[in-house]
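Comments concern the structure below.
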Amino acid sequence: ADQYLSSEEIFAIIMGALIHDMDHPGTNNDFEVKRNSTLAKQYANDAVLERQSITAGLEICKEQPELDWLKFFQNEETRDLVETYLKECILATDPARHACVIQDALLIIENGQKFQNDKNEPTYLDKNDPFHRTLIGRIIVHCADISNPLHSSFEVARDWAVRVTTEFSRQASREKELNLPVTTFMDGIDSEYKIAKLQIGFFGFMVKPLFHTAGLLFPKSSHLEDWGEDNCDGYREVIKKYEEEHNITPSS
C-alpha cells in the first residue's frame, strides 16, 4: 500500500478496519430499515450500520481523550483527510455498495496499465489520483470485511461460517417475532449441509468477484481467491458426505 498511499491514508485504513463494525447490533441494514429503527431514521435508511460505526468511532475521540486517535494529527487539514478517507473505507463495507466498488475498479483496469509504481513496474493505479488512492482503501477494507471464506485453513473458515450463520439465524428469529418479512437466506440454516451450500453461494456471488478484481490490481494477493476455491472444495465434500448419509440426490 505504501507504493501508492500516504502514511495518513494507511493509518485511516487500519482504523477503518478496526472500527468498521463498532456498535454493531448483530443485524443487517435491511433489518433496521424494515423495522424503521431509530438508527434507520437517523441515517435516512442509507448505510445505516456503517454510518453508526463511523459515528461511534469518532465519538470516542470526543468523549474519551485518552482514546482520541485523531489527536496525533495537529494539522486540521490532515485530520479532515484521515476522517474523510476512513469514512469512505467503512462505507465501502455496505453490501449495497459492493457492486460499485467492483465497477470502479474494473473501469480503472479497462484503461490499462498506464502508470508505474515505486519499483517502476507497470500498474493500473495512479498514486497521484485521489480517486485511485481512495479506491485502494475501499477495496482493502471491503475485502477484509468478507474475507473469512478465504482463510488458508478450511477449519478456521468453517468455524467463522458457523459464527456468521448463527447471527443470521438470530436475525431471522427476530424478524418472525416482530412480524417482519423474513430474510430468506437467513432462515432455516440448521445444519452443516445448509451452511456449506450458503458459503459456496456467498463465495461465488460476492467474495470471488471482489477478490478476483483485487487480484488484478494487486497480483500478490491473487492467491487469496485460490484459497477461497479450496475452501469451497471442502464445503463440497461436506455436502457430498451429507447427501450420501441421508440418501439425497446429489446437488448439481
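The chains in the C-alpha cells are called A, B, ... from first to last as shown; in each chain the residues are counted from 1, and the ligands are counted from 1 in the order shown.
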
Which stretch 78-176 of chain A residues have any atom within 10 Å of an atom of stretch 233-249 of chain A, and for each, what is the nearest pair of atoms with distance in Å to one decimal, counting only C-alpha atoms, rows sorted by chain and number, as a Markdown table?
| residue | atom | partner | partner_atom | distance |
| --- | --- | --- | --- | --- |
| A:Phe154 | CA | A:Gly234 | CA | 6.9 |
| A:Glu155 | CA | A:Gly234 | CA | 9.2 |
| A:Arg158 | CA | A:Tyr235 | CA | 8.4 |

Which residues are near A:Glu225? Cut-off 9 Å, only C-alpha atoms, ignore same chain within fewer than 2 positions. Put them as a ChimeraX atom specification.
/A:150,207-208,211-212,215,221-223,227-230

For A:Asn28, the nearest of the candidates A:Phe185, A:Phe218, A:Phe168, A:Trp160, counting only C-alpha atoms
A:Phe168

For A:Val101, which of A:Gln52, A:Thr123, A:Thr27, A:Thr134 is the closest residue, counting only C-alpha atoms?
A:Thr134

Using DSSP assignments from the backbone, pull out every residue in stretch 72-209 of chain A that falls under helix (DSSP H, G or I) and give it to me as a PyMOL selection string.
chain A and resi 76-91+95-110+130-145+148-150+154-177+184-186+192-209

With C-alpha atoms retained, write the just-selected residues as a CSV table (one decimal), in the first residue's frame.
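Wrote part.csv, looks like this:
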chain,number,residue,atom,x,y,z
A,76,GLU,CA,-6.7,20.3,10.8
A,77,GLU,CA,-6.4,19.6,7.1
A,78,THR,CA,-4.6,16.3,7.8
A,79,ARG,CA,-7.2,15.4,10.4
A,80,ASP,CA,-10.0,16.0,7.9
A,81,LEU,CA,-8.2,13.9,5.3
A,82,VAL,CA,-8.0,11.0,7.7
A,83,GLU,CA,-11.6,11.3,8.7
A,84,THR,CA,-12.8,11.5,5.2
A,85,TYR,CA,-10.7,8.6,4.0
A,86,LEU,CA,-11.7,6.5,6.9
A,87,LYS,CA,-15.4,7.2,6.2
A,88,GLU,CA,-15.1,6.1,2.6
A,89,CYS,CA,-13.4,2.9,3.6
A,90,ILE,CA,-16.1,2.0,6.1
A,91,LEU,CA,-18.9,2.9,3.7
A,95,PRO,CA,-23.2,-4.6,0.8
A,96,ALA,CA,-25.3,-2.1,-1.2
A,97,ARG,CA,-22.0,-0.6,-2.4
A,98,HIS,CA,-20.4,-3.9,-3.3
A,99,ALA,CA,-21.1,-3.7,-7.0
A,100,CYS,CA,-20.0,-0.1,-7.1
A,101,VAL,CA,-16.6,-0.9,-5.6
A,102,ILE,CA,-16.0,-3.6,-8.1
A,103,GLN,CA,-17.3,-1.5,-11.0
A,104,ASP,CA,-15.0,1.4,-10.1
A,105,ALA,CA,-12.0,-0.9,-10.0
A,106,LEU,CA,-12.9,-2.6,-13.3
A,107,LEU,CA,-13.2,0.8,-15.0
A,108,ILE,CA,-9.6,1.6,-14.0
A,109,ILE,CA,-8.5,-1.9,-15.1
A,110,GLU,CA,-10.1,-1.3,-18.5
A,130,PRO,CA,-7.1,10.9,-5.2
A,131,PHE,CA,-9.9,8.7,-6.6
A,132,HIS,CA,-7.4,5.8,-7.2
A,133,ARG,CA,-6.0,6.2,-3.7
A,134,THR,CA,-9.4,6.2,-2.1
A,135,LEU,CA,-10.4,3.2,-4.1
A,136,ILE,CA,-7.4,1.3,-2.7
A,137,GLY,CA,-8.7,1.9,0.8
A,138,ARG,CA,-12.2,1.0,-0.1
A,139,ILE,CA,-11.1,-2.3,-1.7
A,140,ILE,CA,-8.8,-3.3,1.2
A,141,VAL,CA,-11.4,-2.7,4.0
A,142,HIS,CA,-14.2,-4.3,2.0
A,143,CYS,CA,-12.0,-7.3,1.2
A,144,ALA,CA,-11.1,-7.6,4.9
A,145,ASP,CA,-14.7,-7.5,5.9
A,148,ASN,CA,-13.5,-15.2,6.3
A,149,PRO,CA,-14.2,-17.7,3.4
A,150,LEU,CA,-10.6,-17.3,2.2
A,154,PHE,CA,-10.6,-24.7,6.0
A,155,GLU,CA,-11.3,-25.5,9.6
A,156,VAL,CA,-10.9,-21.8,10.5
A,157,ALA,CA,-13.1,-20.7,7.6
A,158,ARG,CA,-15.7,-23.3,8.6
A,159,ASP,CA,-15.7,-22.1,12.2
A,160,TRP,CA,-16.3,-18.5,11.0
A,161,ALA,CA,-19.1,-19.6,8.8
A,162,VAL,CA,-20.9,-21.2,11.8
A,163,ARG,CA,-20.5,-17.9,13.7
A,164,VAL,CA,-21.9,-15.8,10.9
A,165,THR,CA,-24.8,-18.1,10.2
A,166,THR,CA,-25.7,-18.2,13.9
A,167,GLU,CA,-26.1,-14.5,13.7
A,168,PHE,CA,-28.2,-14.9,10.6
A,169,SER,CA,-30.5,-17.4,12.3
A,170,ARG,CA,-30.9,-15.0,15.2
A,171,GLN,CA,-32.0,-12.2,12.9
A,172,ALA,CA,-34.5,-14.5,11.1
A,173,SER,CA,-36.0,-15.4,14.5
A,174,ARG,CA,-36.3,-11.7,15.5
A,175,GLU,CA,-38.0,-10.9,12.2
A,176,LYS,CA,-40.6,-13.6,12.9
A,177,GLU,CA,-41.1,-12.3,16.4
A,184,THR,CA,-35.0,-16.0,3.1
A,185,PHE,CA,-31.3,-16.9,3.1
A,186,MET,CA,-31.0,-16.4,6.8
A,192,GLU,CA,-23.6,-28.0,8.2
A,193,TYR,CA,-25.1,-29.1,4.9
A,194,LYS,CA,-27.1,-25.8,4.6
A,195,ILE,CA,-24.2,-23.8,5.9
A,196,ALA,CA,-21.9,-25.3,3.2
A,197,LYS,CA,-24.3,-24.5,0.4
A,198,LEU,CA,-24.7,-21.0,1.7
A,199,GLN,CA,-21.0,-20.5,1.8
A,200,ILE,CA,-20.4,-21.7,-1.7
A,201,GLY,CA,-23.1,-19.3,-2.9
A,202,PHE,CA,-21.7,-16.4,-0.9
A,203,PHE,CA,-18.2,-17.0,-2.3
A,204,GLY,CA,-19.5,-17.2,-5.9
A,205,PHE,CA,-21.8,-14.2,-5.7
A,206,MET,CA,-19.8,-11.7,-3.6
A,207,VAL,CA,-16.4,-12.9,-2.5
A,208,LYS,CA,-14.9,-14.3,-5.7
A,209,PRO,CA,-15.8,-11.3,-7.9

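Nearest residue to A:Val33, choosing from A:Leu49, A:Ile10, A:Ile60, A:Leu18 and counting only C-alpha atoms: A:Leu49.
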
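If you measure from each of A:Pro219, A:Ile13, A:Pro25, A:Lys127 to A:Glu50 using only C-alpha atoms, the closest one turns out to be A:Pro25.
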
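The two atoms in question, atom CA of A:Lys114 and atom CA of A:Asp226, are spaced 27.4 Å apart.
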
Could you go through stretch 100-211 of chain A and tell me which residues DSSP, when run on the backbone, assigns to strand (DSSP E), listing them as a VMD selection string?
chain A and resid 115 to 116 122 to 123

So that I have them on file, write out the residues from the current selection with N, CA, C and O atoms, as a compact mmCIF listing (two decimals), in the first residue's frame.
# COMPACT_ATOMS: atom_id res chain seq x y z
N PHE A 115 0.43 3.47 -15.69
CA PHE A 115 1.25 4.12 -14.68
C PHE A 115 2.37 3.18 -14.20
O PHE A 115 2.43 2.02 -14.59
N GLN A 116 3.22 3.72 -13.35
CA GLN A 116 4.30 2.92 -12.77
C GLN A 116 4.31 3.12 -11.26
O GLN A 116 4.07 4.22 -10.77
N PRO A 122 4.78 -1.61 -14.27
CA PRO A 122 3.51 -1.10 -14.80
C PRO A 122 2.36 -1.41 -13.85
O PRO A 122 2.31 -2.47 -13.23
N THR A 123 1.46 -0.46 -13.71
CA THR A 123 0.32 -0.63 -12.79
C THR A 123 -0.89 0.11 -13.32
O THR A 123 -0.77 1.05 -14.13
